[in-house]
Each structure stands twice: as C-alpha cells, then as structure tokens.
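Source file: my_file_0.tsv (TSV, C-alpha atoms)
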```tsv
chain	number	residue	atom	x	y	z
A	1141	MET	CA	-14.73	-18.32	-22.11
A	1142	ILE	CA	-15.99	-18.78	-18.56
A	1143	PHE	CA	-16.66	-15.03	-18.08
A	1144	ASP	CA	-17.63	-12.28	-20.48
A	1145	TYR	CA	-15.36	-9.32	-21.14
A	1146	GLU	CA	-17.18	-6.95	-18.77
A	1147	THR	CA	-16.98	-9.45	-15.89
A	1148	PHE	CA	-13.25	-9.99	-16.42
A	1149	LYS	CA	-12.69	-6.24	-16.20
A	1150	VAL	CA	-14.36	-6.16	-12.78
A	1151	ILE	CA	-12.55	-9.32	-11.66
A	1152	TRP	CA	-9.19	-7.72	-12.41
A	1153	TRP	CA	-10.12	-4.58	-10.53
A	1154	VAL	CA	-10.81	-6.82	-7.53
A	1155	LEU	CA	-7.64	-8.90	-8.00
A	1156	VAL	CA	-5.37	-5.85	-8.26
A	1157	GLY	CA	-6.94	-4.63	-5.03
A	1158	VAL	CA	-6.27	-8.00	-3.39
A	1159	LEU	CA	-2.62	-7.81	-4.43
A	1160	PHE	CA	-2.27	-4.32	-2.97
A	1161	ILE	CA	-3.87	-5.55	0.25
A	1162	GLY	CA	-1.46	-8.50	0.35
A	1163	PHE	CA	1.43	-6.07	-0.07
A	1164	ALA	CA	0.14	-3.74	2.67
A	1165	LEU	CA	-0.45	-6.55	5.16
A	1166	THR	CA	2.95	-8.20	4.72
A	1167	ASP	CA	5.51	-5.77	3.35
A	1168	GLY	CA	3.63	-3.16	5.35
A	1169	PHE	CA	4.90	-4.54	8.63
A	1170	ASP	CA	8.40	-4.84	7.14
A	1171	MET	CA	8.37	-1.14	6.33
A	1172	GLY	CA	6.70	-0.34	9.64
A	1173	VAL	CA	9.45	-2.12	11.55
A	1174	GLY	CA	12.03	-0.21	9.51
A	1175	ALA	CA	10.32	3.10	10.27
A	1176	LEU	CA	10.35	2.26	13.99
A	1177	LEU	CA	13.86	0.80	14.06
A	1178	ARG	CA	15.58	3.64	15.87
A	1179	TYR	CA	12.68	4.08	18.28
A	1180	VAL	CA	12.16	0.49	19.42
A	1181	GLY	CA	15.88	-0.29	19.38
A	1182	ARG	CA	17.95	1.84	21.75
A	1183	ASP	CA	21.14	-0.20	21.33
A	1184	ASP	CA	22.62	-2.49	18.69
A	1185	ASP	CA	21.20	-5.71	20.13
A	1186	GLU	CA	17.69	-4.30	20.31
A	1187	ARG	CA	17.86	-3.05	16.73
A	1188	ARG	CA	19.03	-6.46	15.60
A	1189	VAL	CA	16.04	-7.95	17.42
A	1190	ALA	CA	13.71	-5.75	15.34
A	1191	ILE	CA	15.55	-6.49	12.10
A	1192	ASN	CA	15.61	-10.25	12.66
A	1193	ALA	CA	11.90	-10.28	13.51
A	1194	ILE	CA	11.25	-9.57	9.81
A	1195	ALA	CA	14.46	-11.11	8.40
A	1196	PRO	CA	13.00	-14.48	7.31
A	1197	HIS	CA	10.12	-12.95	5.39
A	1198	TRP	CA	10.83	-9.43	4.07
A	1199	ASP	CA	12.07	-10.52	0.64
A	1200	GLY	CA	9.13	-12.88	0.12
A	1201	ASN	CA	6.70	-10.17	1.18
A	1202	GLN	CA	7.90	-7.96	-1.67
A	1203	VAL	CA	6.42	-10.51	-4.08
A	1204	TRP	CA	3.02	-8.90	-3.53
A	1205	LEU	CA	4.26	-5.52	-4.75
A	1206	ILE	CA	5.90	-7.12	-7.78
A	1207	LEU	CA	2.72	-9.05	-8.55
A	1208	ALA	CA	0.61	-5.91	-8.21
A	1209	ALA	CA	2.89	-3.96	-10.58
A	1210	GLY	CA	2.90	-6.85	-13.05
A	1211	ALA	CA	-0.88	-7.16	-12.87
A	1212	ILE	CA	-1.34	-3.45	-13.60
A	1213	PHE	CA	1.04	-3.73	-16.56
A	1214	ALA	CA	-0.82	-6.72	-18.01
A	1215	ALA	CA	-4.41	-5.82	-17.10
A	1216	TRP	CA	-4.28	-2.03	-17.64
A	1217	PRO	CA	-1.28	-1.35	-19.93
A	1218	ILE	CA	-2.36	2.20	-20.78
A	1219	THR	CA	-2.65	3.00	-17.09
A	1220	PHE	CA	0.77	1.51	-16.41
A	1221	GLY	CA	2.41	3.71	-19.07
A	1222	THR	CA	0.52	6.82	-18.00
A	1223	ALA	CA	1.41	6.25	-14.34
A	1224	PHE	CA	5.11	5.97	-15.14
A	1225	SER	CA	4.89	9.22	-17.07
A	1226	SER	CA	3.06	10.99	-14.23
A	1227	PHE	CA	4.80	9.50	-11.18
A	1228	TYR	CA	8.24	8.77	-12.64
A	1229	TRP	CA	10.41	10.62	-10.11
A	1230	ALA	CA	8.23	9.51	-7.20
A	1231	MET	CA	8.70	5.90	-8.32
A	1232	VAL	CA	12.46	6.43	-8.66
A	1233	LEU	CA	12.58	7.87	-5.15
A	1234	THR	CA	10.66	4.87	-3.80
A	1235	LEU	CA	12.84	2.37	-5.64
A	1236	PHE	CA	16.11	3.92	-4.52
A	1237	SER	CA	14.92	4.11	-0.92
A	1238	LEU	CA	14.05	0.42	-1.03
A	1239	PHE	CA	17.65	-0.39	-1.99
A	1240	PHE	CA	18.71	0.49	1.54
A	1241	ARG	CA	16.73	-2.34	3.09
A	1242	PRO	CA	18.42	-5.44	1.60
A	1243	VAL	CA	21.82	-3.76	1.45
A	1244	GLY	CA	21.44	-2.47	5.00
A	1245	PHE	CA	20.40	-5.88	6.32
A	1246	ASP	CA	23.33	-7.61	4.66
A	1247	TYR	CA	26.06	-5.11	5.47
A	1248	ARG	CA	25.21	-3.39	8.77
A	1249	SER	CA	26.54	-6.24	10.95
A	1250	LYS	CA	29.58	-7.05	8.80
A	1251	ILE	CA	31.70	-4.49	10.66
A	1252	ASP	CA	31.57	-4.07	14.42
A	1253	ASP	CA	31.70	-0.29	14.34
A	1254	PRO	CA	28.92	1.87	15.85
A	1255	ARG	CA	29.20	4.55	13.17
A	1256	TRP	CA	29.00	1.95	10.36
A	1257	ARG	CA	25.95	0.28	11.87
A	1258	ASP	CA	24.30	3.57	12.76
A	1259	THR	CA	24.59	4.76	9.15
A	1260	TRP	CA	22.96	1.62	7.78
A	1261	ASP	CA	20.23	1.82	10.42
A	1262	TRP	CA	19.32	5.28	9.15
A	1263	GLY	CA	19.15	3.81	5.63
A	1264	ILE	CA	16.82	1.03	6.81
A	1265	THR	CA	14.68	3.64	8.56
A	1266	ALA	CA	14.45	5.67	5.34
A	1267	ALA	CA	13.41	2.51	3.48
A	1268	GLY	CA	10.59	2.12	6.00
A	1269	ILE	CA	9.36	5.71	5.87
A	1270	ILE	CA	9.66	6.85	2.25
A	1271	PRO	CA	7.76	4.10	0.33
A	1272	PRO	CA	4.52	4.10	2.37
A	1273	PHE	CA	4.51	7.90	2.42
A	1274	VAL	CA	5.03	8.15	-1.36
A	1275	ILE	CA	2.43	5.44	-2.03
A	1276	GLY	CA	-0.05	7.39	0.08
A	1277	VAL	CA	0.81	10.58	-1.80
A	1278	ALA	CA	0.21	8.74	-5.09
A	1279	PHE	CA	-3.26	7.62	-4.00
A	1280	GLY	CA	-3.97	11.16	-2.86
A	1281	ASN	CA	-3.10	12.42	-6.32
A	1282	LEU	CA	-5.38	9.82	-7.91
A	1283	LEU	CA	-8.28	11.23	-5.90
A	1284	LEU	CA	-7.26	14.78	-6.84
A	1285	GLY	CA	-6.79	13.85	-10.49
A	1286	VAL	CA	-3.53	13.70	-12.41
A	1287	PRO	CA	-2.77	16.41	-15.03
A	1288	PHE	CA	-2.48	14.31	-18.19
A	1289	GLN	CA	-4.29	14.04	-21.48
A	1290	PHE	CA	-4.09	12.10	-24.75
A	1291	ASP	CA	-3.77	13.40	-28.30
A	1292	GLU	CA	-5.65	11.96	-31.28
A	1293	PHE	CA	-3.03	9.20	-31.60
A	1294	MET	CA	-3.42	8.15	-27.95
A	1295	ARG	CA	-0.04	9.61	-27.00
A	1296	VAL	CA	-0.11	10.72	-23.40
A	1297	THR	CA	1.35	14.00	-22.13
A	1298	ASN	CA	1.75	14.73	-18.44
A	1299	TYR	CA	1.76	18.39	-17.42
A	1300	GLY	CA	2.64	17.89	-13.78
A	1301	SER	CA	6.00	17.84	-12.02
A	1302	PHE	CA	7.52	16.00	-9.10
A	1303	PHE	CA	6.83	18.87	-6.71
A	1304	SER	CA	3.26	19.31	-7.94
A	1305	LEU	CA	2.50	15.86	-6.50
A	1306	PHE	CA	2.82	17.27	-2.98
A	1307	HIS	CA	-0.58	18.92	-2.78
A	1308	PRO	CA	-1.68	19.36	0.87
A	1309	PHE	CA	-4.38	16.70	0.49
A	1310	ALA	CA	-1.86	14.31	-1.08
A	1311	LEU	CA	0.53	14.97	1.81
A	1312	LEU	CA	-2.27	14.08	4.23
A	1313	ALA	CA	-2.87	10.86	2.30
A	1314	GLY	CA	0.86	10.18	2.58
A	1315	ILE	CA	0.65	10.54	6.35
A	1316	VAL	CA	-2.26	8.07	6.39
A	1317	GLY	CA	-0.13	5.57	4.47
A	1318	LEU	CA	2.87	6.01	6.73
A	1319	ALA	CA	0.80	5.86	9.93
A	1320	MET	CA	-1.02	2.66	9.04
A	1321	PHE	CA	2.15	0.88	7.85
A	1322	THR	CA	3.95	1.95	11.04
A	1323	MET	CA	1.01	0.70	13.10
A	1324	GLN	CA	1.23	-2.64	11.26
A	1325	GLY	CA	4.95	-2.85	12.01
A	1326	ALA	CA	4.41	-2.04	15.68
A	1327	THR	CA	1.75	-4.71	16.16
A	1328	TYR	CA	3.94	-7.26	14.36
A	1329	LEU	CA	6.81	-6.49	16.73
A	1330	MET	CA	4.39	-7.07	19.62
A	1331	LEU	CA	3.92	-10.60	18.28
A	1332	ARG	CA	7.60	-11.36	17.77
A	1333	THR	CA	9.51	-9.63	20.59
A	1334	GLU	CA	9.76	-9.38	24.35
A	1335	GLY	CA	11.03	-7.00	27.00
A	1336	SER	CA	11.89	-3.40	26.21
A	1337	VAL	CA	11.45	-3.79	22.44
A	1338	TYR	CA	7.94	-5.16	23.04
A	1339	ALA	CA	7.12	-2.31	25.43
A	1340	ARG	CA	8.19	0.37	22.94
A	1341	ALA	CA	6.38	-1.41	20.10
A	1342	ARG	CA	3.20	-1.48	22.20
A	1343	LYS	CA	3.48	2.25	22.84
A	1344	ALA	CA	4.14	2.89	19.14
A	1345	ALA	CA	1.08	0.83	18.18
A	1346	HIS	CA	-1.07	2.82	20.60
A	1347	ASN	CA	0.16	6.19	19.28
A	1348	THR	CA	0.10	5.35	15.58
A	1349	SER	CA	-3.46	4.05	15.89
A	1350	TYR	CA	-4.46	7.56	17.00
A	1351	VAL	CA	-2.68	9.07	13.99
A	1352	THR	CA	-4.22	6.53	11.60
A	1353	MET	CA	-7.77	7.20	12.81
A	1354	ALA	CA	-7.39	10.98	12.92
A	1355	THR	CA	-5.75	11.39	9.50
A	1356	PHE	CA	-8.09	8.88	7.83
A	1357	VAL	CA	-11.18	10.69	9.12
A	1358	LEU	CA	-9.69	14.10	8.24
A	1359	ALA	CA	-8.90	12.88	4.71
A	1360	GLY	CA	-12.50	11.71	4.31
A	1361	ILE	CA	-13.88	15.09	5.44
A	1362	TRP	CA	-11.47	16.91	3.12
A	1363	LEU	CA	-12.45	14.61	0.25
A	1364	TRP	CA	-16.12	15.41	0.82
A	1365	PHE	CA	-15.88	19.17	1.16
A	1366	GLY	CA	-12.65	20.15	-0.59
A	1367	VAL	CA	-11.94	17.78	-3.48
A	1368	ASP	CA	-13.95	17.46	-6.69
A	1369	GLY	CA	-14.70	13.89	-7.67
A	1370	PHE	CA	-15.39	12.52	-11.13
A	1371	VAL	CA	-18.55	11.02	-12.60
A	1372	ILE	CA	-19.07	9.35	-15.98
A	1373	THR	CA	-22.11	10.89	-17.64
A	1374	GLU	CA	-21.87	9.23	-21.05
A	1375	MET	CA	-19.94	6.21	-22.30
A	1376	PRO	CA	-20.28	3.25	-24.67
A	1377	ALA	CA	-21.19	-0.26	-23.51
A	1378	THR	CA	-18.84	-1.52	-20.80
A	1379	ASP	CA	-18.08	-4.68	-22.78
A	1380	SER	CA	-17.03	-2.79	-25.91
A	1381	ALA	CA	-13.48	-2.38	-27.21
A	1382	PRO	CA	-11.41	-0.07	-24.95
A	1383	ASN	CA	-11.20	3.58	-26.02
A	1384	PRO	CA	-10.37	6.08	-23.23
A	1385	LEU	CA	-11.45	9.03	-25.42
A	1386	ASN	CA	-14.95	7.72	-26.09
A	1387	LYS	CA	-16.75	8.93	-22.96
A	1388	THR	CA	-17.82	12.06	-21.10
A	1389	VAL	CA	-16.70	12.72	-17.54
A	1390	VAL	CA	-17.55	15.68	-15.32
A	1391	ALA	CA	-16.18	16.82	-11.97
A	1392	GLY	CA	-18.43	17.57	-9.02
A	1393	ASP	CA	-18.50	18.09	-5.26
A	1394	GLY	CA	-18.72	14.86	-3.28
A	1395	ALA	CA	-18.64	12.74	-6.43
A	1396	TRP	CA	-16.17	10.27	-4.88
A	1397	PHE	CA	-18.94	9.28	-2.44
A	1398	ALA	CA	-21.45	8.34	-5.14
A	1399	ASN	CA	-20.62	4.64	-4.91
A	1400	TYR	CA	-21.46	4.62	-1.19
A	1401	ALA	CA	-24.86	6.15	-1.93
A	1402	SER	CA	-25.53	3.54	-4.61
A	1403	TYR	CA	-24.16	0.61	-2.58
A	1404	PRO	CA	-24.50	1.36	1.16
A	1405	LEU	CA	-22.83	-1.97	2.00
A	1406	ALA	CA	-19.58	-0.40	0.77
A	1407	LEU	CA	-19.57	1.73	3.94
A	1408	ILE	CA	-18.10	-1.34	5.62
A	1409	ALA	CA	-14.75	-0.30	4.11
A	1410	PRO	CA	-14.25	3.04	5.92
A	1411	ALA	CA	-15.83	1.55	9.04
A	1412	LEU	CA	-13.18	-1.18	9.03
A	1413	GLY	CA	-10.46	1.41	8.60
A	1414	ILE	CA	-11.56	3.22	11.75
A	1415	LEU	CA	-12.67	0.21	13.80
A	1416	GLY	CA	-9.43	-1.71	13.20
A	1417	ALA	CA	-7.30	1.20	14.41
A	1418	PHE	CA	-9.61	1.61	17.39
A	1419	VAL	CA	-9.06	-2.04	18.31
A	1420	VAL	CA	-5.29	-1.45	18.26
A	1421	ASN	CA	-5.68	1.69	20.34
A	1422	THR	CA	-7.81	-0.07	22.95
A	1423	LEU	CA	-6.09	-3.44	23.20
A	1424	SER	CA	-2.46	-2.37	22.88
A	1425	ILE	CA	-2.51	-1.17	26.49
A	1426	LYS	CA	-4.04	-4.50	27.56
A	1427	ASP	CA	-1.24	-6.68	26.14
A	1428	LYS	CA	-3.30	-8.36	23.41
A	1429	PRO	CA	-0.75	-8.60	20.56
A	1430	LYS	CA	-2.69	-11.07	18.40
A	1431	LEU	CA	-5.87	-9.02	18.48
A	1432	CYS	CA	-3.85	-5.84	17.92
A	1433	PHE	CA	-2.25	-7.30	14.80
A	1434	LEU	CA	-5.66	-8.45	13.59
A	1435	GLY	CA	-7.09	-4.98	14.20
A	1436	SER	CA	-4.20	-3.31	12.41
A	1437	SER	CA	-4.60	-5.66	9.44
A	1438	LEU	CA	-8.34	-4.96	9.25
A	1439	SER	CA	-7.63	-1.22	9.37
A	1440	LEU	CA	-5.24	-1.51	6.41
A	1441	VAL	CA	-7.80	-3.53	4.47
A	1442	GLY	CA	-10.47	-0.94	5.24
A	1443	VAL	CA	-8.36	2.04	4.18
A	1444	ILE	CA	-7.31	0.42	0.89
A	1445	LEU	CA	-10.87	-0.72	0.11
A	1446	THR	CA	-12.11	2.79	0.84
A	1447	ALA	CA	-9.75	4.23	-1.77
A	1448	GLY	CA	-10.73	1.53	-4.27
A	1449	VAL	CA	-14.49	1.88	-3.75
A	1450	SER	CA	-14.28	5.68	-3.93
A	1451	LEU	CA	-12.37	5.62	-7.22
A	1452	PHE	CA	-14.34	2.84	-8.95
A	1453	PRO	CA	-14.51	2.53	-11.93
A	1454	PHE	CA	-11.66	5.03	-12.37
A	1455	VAL	CA	-8.10	3.79	-12.13
A	1456	MET	CA	-6.41	7.06	-13.08
A	1457	PRO	CA	-8.55	10.22	-13.30
A	1458	SER	CA	-7.34	13.20	-15.32
A	1459	SER	CA	-7.68	16.63	-13.73
A	1460	LEU	CA	-6.62	18.32	-16.97
A	1461	ASN	CA	-9.29	16.70	-19.15
A	1462	PRO	CA	-11.71	14.57	-17.10
A	1463	SER	CA	-13.03	12.81	-20.19
A	1464	HIS	CA	-9.54	11.41	-20.80
A	1465	SER	CA	-9.58	9.68	-17.42
A	1466	LEU	CA	-8.76	5.98	-17.45
A	1467	THR	CA	-11.30	3.49	-16.13
A	1468	ILE	CA	-11.45	-0.28	-15.90
A	1469	TRP	CA	-13.87	-0.23	-18.84
A	1470	ASP	CA	-11.65	1.59	-21.33
A	1471	SER	CA	-8.04	0.87	-20.28
A	1472	SER	CA	-8.12	-2.92	-19.92
A	1473	SER	CA	-6.26	-5.45	-22.02
A	1474	SER	CA	-8.05	-7.76	-24.43
A	1475	HIS	CA	-10.57	-10.36	-23.33
A	1476	LEU	CA	-8.08	-13.16	-24.06
A	1477	THR	CA	-5.28	-11.49	-22.08
A	1478	LEU	CA	-7.49	-11.02	-19.03
A	1479	ALA	CA	-8.67	-14.63	-19.27
A	1480	VAL	CA	-5.14	-16.10	-19.52
A	1481	MET	CA	-4.00	-13.95	-16.59
A	1482	PHE	CA	-7.01	-15.04	-14.57
A	1483	TRP	CA	-6.22	-18.74	-14.91
A	1484	ALA	CA	-2.54	-18.11	-14.13
A	1485	THR	CA	-3.66	-16.29	-10.98
A	1486	VAL	CA	-6.02	-19.11	-10.00
A	1487	VAL	CA	-3.10	-21.56	-10.17
A	1488	PHE	CA	-0.16	-19.59	-8.78
A	1489	VAL	CA	-1.57	-17.25	-6.12
A	1490	PRO	CA	-2.81	-20.15	-3.93
A	1491	LEU	CA	0.64	-21.74	-4.26
A	1492	ILE	CA	2.28	-18.48	-3.15
A	1493	LEU	CA	-0.14	-18.25	-0.21
A	1494	MET	CA	0.53	-21.84	0.90
A	1495	TYR	CA	4.29	-21.42	0.66
A	1496	THR	CA	4.16	-18.09	2.51
A	1497	LEU	CA	2.04	-19.53	5.32
A	1498	TRP	CA	4.40	-22.51	5.61
A	1499	CYS	CA	7.38	-20.15	5.90
A	1500	TYR	CA	5.72	-18.18	8.67
A	1501	ARG	CA	4.82	-21.34	10.55
A	1502	ALA	CA	8.29	-22.85	10.19
A	1503	MET	CA	10.15	-19.72	11.26
A	1504	TRP	CA	7.78	-18.36	13.89
A	1505	GLY	CA	8.90	-17.55	17.42
A	1506	LYS	CA	10.07	-14.76	19.68
A	1507	VAL	CA	13.28	-12.91	18.84
A	1508	THR	CA	15.18	-11.80	21.94
A	1509	THR	CA	18.46	-10.05	22.70
A	1510	GLN	CA	19.78	-13.34	24.10
A	1511	PHE	CA	18.98	-15.06	20.79
A	1512	ILE	CA	20.95	-12.35	18.97
A	1513	ARG	CA	23.98	-12.80	21.26
A	1514	ASP	CA	23.85	-16.59	20.96
A	1515	ASN	CA	23.72	-16.38	17.16
A	1516	ASP	CA	25.83	-13.29	16.63
A	1517	HIS	CA	27.49	-14.50	13.41
A	1518	SER	CA	24.51	-16.19	11.78
A	1519	VAL	CA	21.80	-13.50	11.98
A	1520	TYR	CA	21.56	-9.98	10.59
```

Will you turn the file into structure tokens for me?
Amino acid sequence: MIFDYETFKVIWWVLVGVLFIGFALTDGFDMGVGALLRYVGRDDDERRVAINAIAPHWDGNQVWLILAAGAIFAAWPITFGTAFSSFYWAMVLTLFSLFFRPVGFDYRSKIDDPRWRDTWDWGITAAGIIPPFVIGVAFGNLLLGVPFQFDEFMRVTNYGSFFSLFHPFALLAGIVGLAMFTMQGATYLMLRTEGSVYARARKAAHNTSYVTMATFVLAGIWLWFGVDGFVITEMPATDSAPNPLNKTVVAGDGAWFANYASYPLALIAPALGILGAFVVNTLSIKDKPKLCFLGSSLSLVGVILTAGVSLFPFVMPSSLNPSHSLTIWDSSSSHLTLAVMFWATVVFVPLILMYTLWCYRAMWGKVTTQFIRDNDHSVY
C-alpha cells in the first residue's frame, strides 16, 4: 500500500478534521443565519431575505456533516459506538432541532398568516441555535473526559447522563460554538444582503466577534488552570493492531497543552481563532464584507484546529478510567479499510468541492426585499 498503517491513522485524523471544518464553514453560516433570523428580519419580507440567502445551498452544506459522521463510523468504529452511547440524547436533541429547518423553509410561506409564519420562524431559529451549542458542549466534554469504560470483552458502559454533559466548562464551550457559528452567519449575510438586513447583520458580526474572542480565550485559560488533561505514558507500537485497553494514560494539569510545547508551530491554531474574530470586529464597522467573511472563516478554522491539536492523539478520553481512552492509534479500523476509504476520498471529495463551488458561482448575488416581492410564489 502507498502508506503504512501508522501514517493512515494520522491521515484520517487530519481528514476528519477537514470534514468538520468544511461543515463549520458552510453549514455554520446556515445555522448562524437561522440563529439571527428574528434579529436581522423585523418583518416577513426581511426574514425571507435572510432565508433565501442560504436557500440554494443549505441542503448541500449538510453533506459535510454527513461525511464527517460517516468517516468517524468507518475510520474509528469503536469511537462511533462509544459516542452514541455517551451522547445519545444530545444527538437526538440536535437531530430533532435540525428537522425544523427544512420543514420550516418549505412550509412557512405556504400560508399567508403571521402566526403561522412566526411559529415556523421560531423553529428555524431553534435549528440555528441548538446544534452549534450542543456540538460545542460535546467538544467541551471531550476535553473534560467522558465517563465510560470497557469490560474484558470490550463492551462499553457509559456512567454519565444527559444533564451531566452540562458541566460549566462544557457550557462555555457551547457558547464558543454558538458565537462563532452566529458570527459566520452574520458575515455571510453581509455578503448576500443590502439595506436594513445588511446593517443588522454587520452589527451582529461586530458583537458576536467580541463574544467569540472572549469566550475562546476564557475557555483556554480555564483549560489550562481548571481542567486535567490526559497523557499517554505507556503504549505499544503505534502501527500495531488496535487495542484500547493496552496502554497507560494519566491525567495532569495543563496536559492538553503538551502538543503546543512539543510543536510550537501548532500555536498558529489558537492565534487564528483570535485573529480571525479580531478581523471581523475591526472591519465590520468599515463595510468590508468579503474580508469579514474571510476573517470569520479563519476564526472557525483556528478554533476547530485548536480543539484537534489539544486532543491529539485522543479522540475520546475517558474520565472514569483514563487508560480506556480512545486514541487514533488504538480505535482505528484495519489498514485495508483506511486505505480504501482514503482512495474514495481522493476521488469524491474534489468532485464535491467542484460541484459546490459551481453552485455558489451560479446562484450568487444579492437577495433584496424587492426580489422577494417580485418572486413571491417561487422562493421560500
């Protein structure tokens, strides 16, 4: 094969991260627009402007989330099963909230009744707020450690509950997720709208950039001083057959920052998270929508990379029994599976990217209230 087993394990850690970044950059602004719907749209026409700014692309953008979930299932099957056991009700909550987006888009304008449309708008707003918040909470819990362990037959038992997921640090991580997705939605609306919707989106971008920077920095300080990280002290060769029980892991203060000490170049990740939000904060008041969207996108990339670099090589740490934590070395699929998936990715991901870029180019342009009135029966 072109790569050895150990290299494929690292490649798939990178690729899963790329898929999460693709989801955050694209479906992130869909959710951000949903979260801002009732703020940027003060009447029905303005809300339809916001909705139709993302209408041509929202369903395609969800492909990145589906690909990321599928990649985790295929690349790290033990992690996938353990995550569903640990985060089951959180995932159900996220899934059910997402139902409101397509149903709301399709049905809100079918009846010309303010109460009908107002109800669906609240559903779309919930679909924009709940998923990024829950995803942030999930990442917060990964950094805290999840209370699971395996028995001698590799059967996993989770000792947590739905409400135990809402640790104060995890809630802060949830706010980081919501703030950066909302910032992404606001900067996207700056690109696609005019007039009063644009003005409110610009103000939202400016304010959410403050929240993103403040909560991201606060989470980093809390992670350093108040959260025990995990370090592998003994394990077999990284190219050996996966066995999550065949290693020793200990918890320690500041351990999540060990990778930055070993690889100082990784500090680019948190720097991007802060710098990108600062760009949005500075340029949003100067009417620079393209640079604001670029800054917001870089901030999302930086925040996600920071979480990934901090956790590496862990993909799901165990707070109950640290030595049962799952890493890329001991929870990956077989060498052949990773190789087949790699070549499928090499072929199909570029095709998805080219098609997505073509769609954006073909359907780009400003969405205005006049456009909505002129096409009242053919748009959402």

Could you produce a table of the residues of stretch 1321-1396 of chain A lying within 6 Å of stretch 1417-1424 of chain A, with the nearest pair of atoms per residue and their separation in Å rounded to one decimal, using only C-alpha atoms, ordered by chain and increasing residue number, as JSON lines?
```
{"residue": "A:Arg1342", "atom": "CA", "partner": "A:Ser1424", "partner_atom": "CA", "distance": 5.8}
{"residue": "A:His1346", "atom": "CA", "partner": "A:Asn1421", "partner_atom": "CA", "distance": 4.8}
{"residue": "A:Ser1349", "atom": "CA", "partner": "A:Ala1417", "partner_atom": "CA", "distance": 5.0}
```

Padding 5 Å on every side, please: axis-aligned box over the listed atoms of stretch 1414-1429 of chain A, centre and edge lengths to one decimal in Å, as JSON.
```
{"center_x": -6.7, "center_y": -2.7, "center_z": 19.7, "size_x": 21.9, "size_y": 21.8, "size_z": 25.8}
```

Which polymer residues, protein or nucleic acid, are no farther than 9 Å from (-10.0, 3.6, -20.1), counting only C-alpha atoms, as a CSV table (one decimal) with C-alpha atoms, keeping the file's coordinate frame?
```csv
chain,number,residue,atom,x,y,z
A,1216,TRP,CA,-4.3,-2.0,-17.6
A,1218,ILE,CA,-2.4,2.2,-20.8
A,1219,THR,CA,-2.6,3.0,-17.1
A,1382,PRO,CA,-11.4,-0.1,-25.0
A,1383,ASN,CA,-11.2,3.6,-26.0
A,1384,PRO,CA,-10.4,6.1,-23.2
A,1385,LEU,CA,-11.4,9.0,-25.4
A,1386,ASN,CA,-15.0,7.7,-26.1
A,1454,PHE,CA,-11.7,5.0,-12.4
A,1455,VAL,CA,-8.1,3.8,-12.1
A,1456,MET,CA,-6.4,7.1,-13.1
A,1464,HIS,CA,-9.5,11.4,-20.8
A,1465,SER,CA,-9.6,9.7,-17.4
A,1466,LEU,CA,-8.8,6.0,-17.4
A,1467,THR,CA,-11.3,3.5,-16.1
A,1468,ILE,CA,-11.4,-0.3,-15.9
A,1469,TRP,CA,-13.9,-0.2,-18.8
A,1470,ASP,CA,-11.6,1.6,-21.3
A,1471,SER,CA,-8.0,0.9,-20.3
A,1472,SER,CA,-8.1,-2.9,-19.9
```

Separation of atom CA of A:Glu1186 from atom CA of A:Val1337, in Å and rounded to one decimal: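 Separation of atom CA of A:Glu1186 and atom CA of A:Val1337: 6.6 Å.
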
Quick one: distance from atom CA of A:Ala1411 to atom CA of A:Gly1442 in Å, one decimal?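 Between atom CA of A:Ala1411 and atom CA of A:Gly1442 the gap works out to 7.0 Å.
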
Counting only C-alpha atoms, note down every residue that has an atom within 12 Å of the point (-17.6, -10.7, -20.7) (file coordinates), as a short mmCIF file (atom, residue, chain, number, x, y, z; two decimals) with C-alpha atoms, in the coordinates of the input.
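The resulting file, selection21.cif, is reproduced below:
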```cif
data_model
loop_
_atom_site.label_atom_id
_atom_site.label_comp_id
_atom_site.auth_asym_id
_atom_site.auth_seq_id
_atom_site.Cartn_x
_atom_site.Cartn_y
_atom_site.Cartn_z
CA MET A 1141 -14.73 -18.32 -22.11
CA ILE A 1142 -15.99 -18.78 -18.56
CA PHE A 1143 -16.66 -15.03 -18.08
CA ASP A 1144 -17.63 -12.28 -20.48
CA TYR A 1145 -15.36 -9.32 -21.14
CA GLU A 1146 -17.18 -6.95 -18.77
CA THR A 1147 -16.98 -9.45 -15.89
CA PHE A 1148 -13.25 -9.99 -16.42
CA LYS A 1149 -12.69 -6.24 -16.20
CA VAL A 1150 -14.36 -6.16 -12.78
CA ILE A 1151 -12.55 -9.32 -11.66
CA ALA A 1377 -21.19 -0.26 -23.51
CA THR A 1378 -18.84 -1.52 -20.80
CA ASP A 1379 -18.08 -4.68 -22.78
CA SER A 1380 -17.03 -2.79 -25.91
CA ALA A 1381 -13.48 -2.38 -27.21
CA TRP A 1469 -13.87 -0.23 -18.84
CA SER A 1474 -8.05 -7.76 -24.43
CA HIS A 1475 -10.57 -10.36 -23.33
CA LEU A 1476 -8.08 -13.16 -24.06
CA LEU A 1478 -7.49 -11.02 -19.03
CA ALA A 1479 -8.67 -14.63 -19.27
#
```

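Across the model, the gap from atom CA of A:Ile1264 to atom CA of A:Thr1234 is 12.9 Å.
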
Long-range neighbours of A:Thr1259 as a ChimeraX atom specification, 12 Å cut-off, only C-alpha atoms, 3 positions minimum in chain: /A:1178,1240,1243-1245,1247-1249,1251,1253-1256,1262-1266

Excluding A:Val1154 and its own-chain neighbours fewer than 2 positions away, which residues fall within 12 Å of it when counting only C-alpha atoms? Please give them as a list of chain:residue names.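 These residues fall inside the cut-off: A:Thr1147, A:Phe1148, A:Lys1149, A:Val1150, A:Ile1151, A:Trp1152, A:Val1156, A:Gly1157, A:Val1158, A:Leu1159, A:Phe1160, A:Ile1161, A:Ala1208, A:Ala1211, A:Ile1212, A:Ala1215, A:Ile1444, A:Leu1445, A:Gly1448, A:Val1449, A:Phe1452, A:Pro1453, A:Val1455, A:Ile1468, A:Phe1482.
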
Spatial neighbours of A:Ile1512, max dist 7 Å, all atoms listed in the file, sep filter under 4 positions, as an mmCIF file with C-alpha atoms, in the frame of the given file:
```cif
data_model
loop_
_atom_site.group_PDB
_atom_site.id
_atom_site.type_symbol
_atom_site.label_atom_id
_atom_site.label_comp_id
_atom_site.auth_asym_id
_atom_site.auth_seq_id
_atom_site.Cartn_x
_atom_site.Cartn_y
_atom_site.Cartn_z
ATOM 1 C CA ASP A 1185 21.200 -5.710 20.130
ATOM 2 C CA VAL A 1189 16.040 -7.950 17.420
ATOM 3 C CA THR A 1508 15.180 -11.800 21.940
ATOM 4 C CA ASP A 1516 25.830 -13.290 16.630
#
```
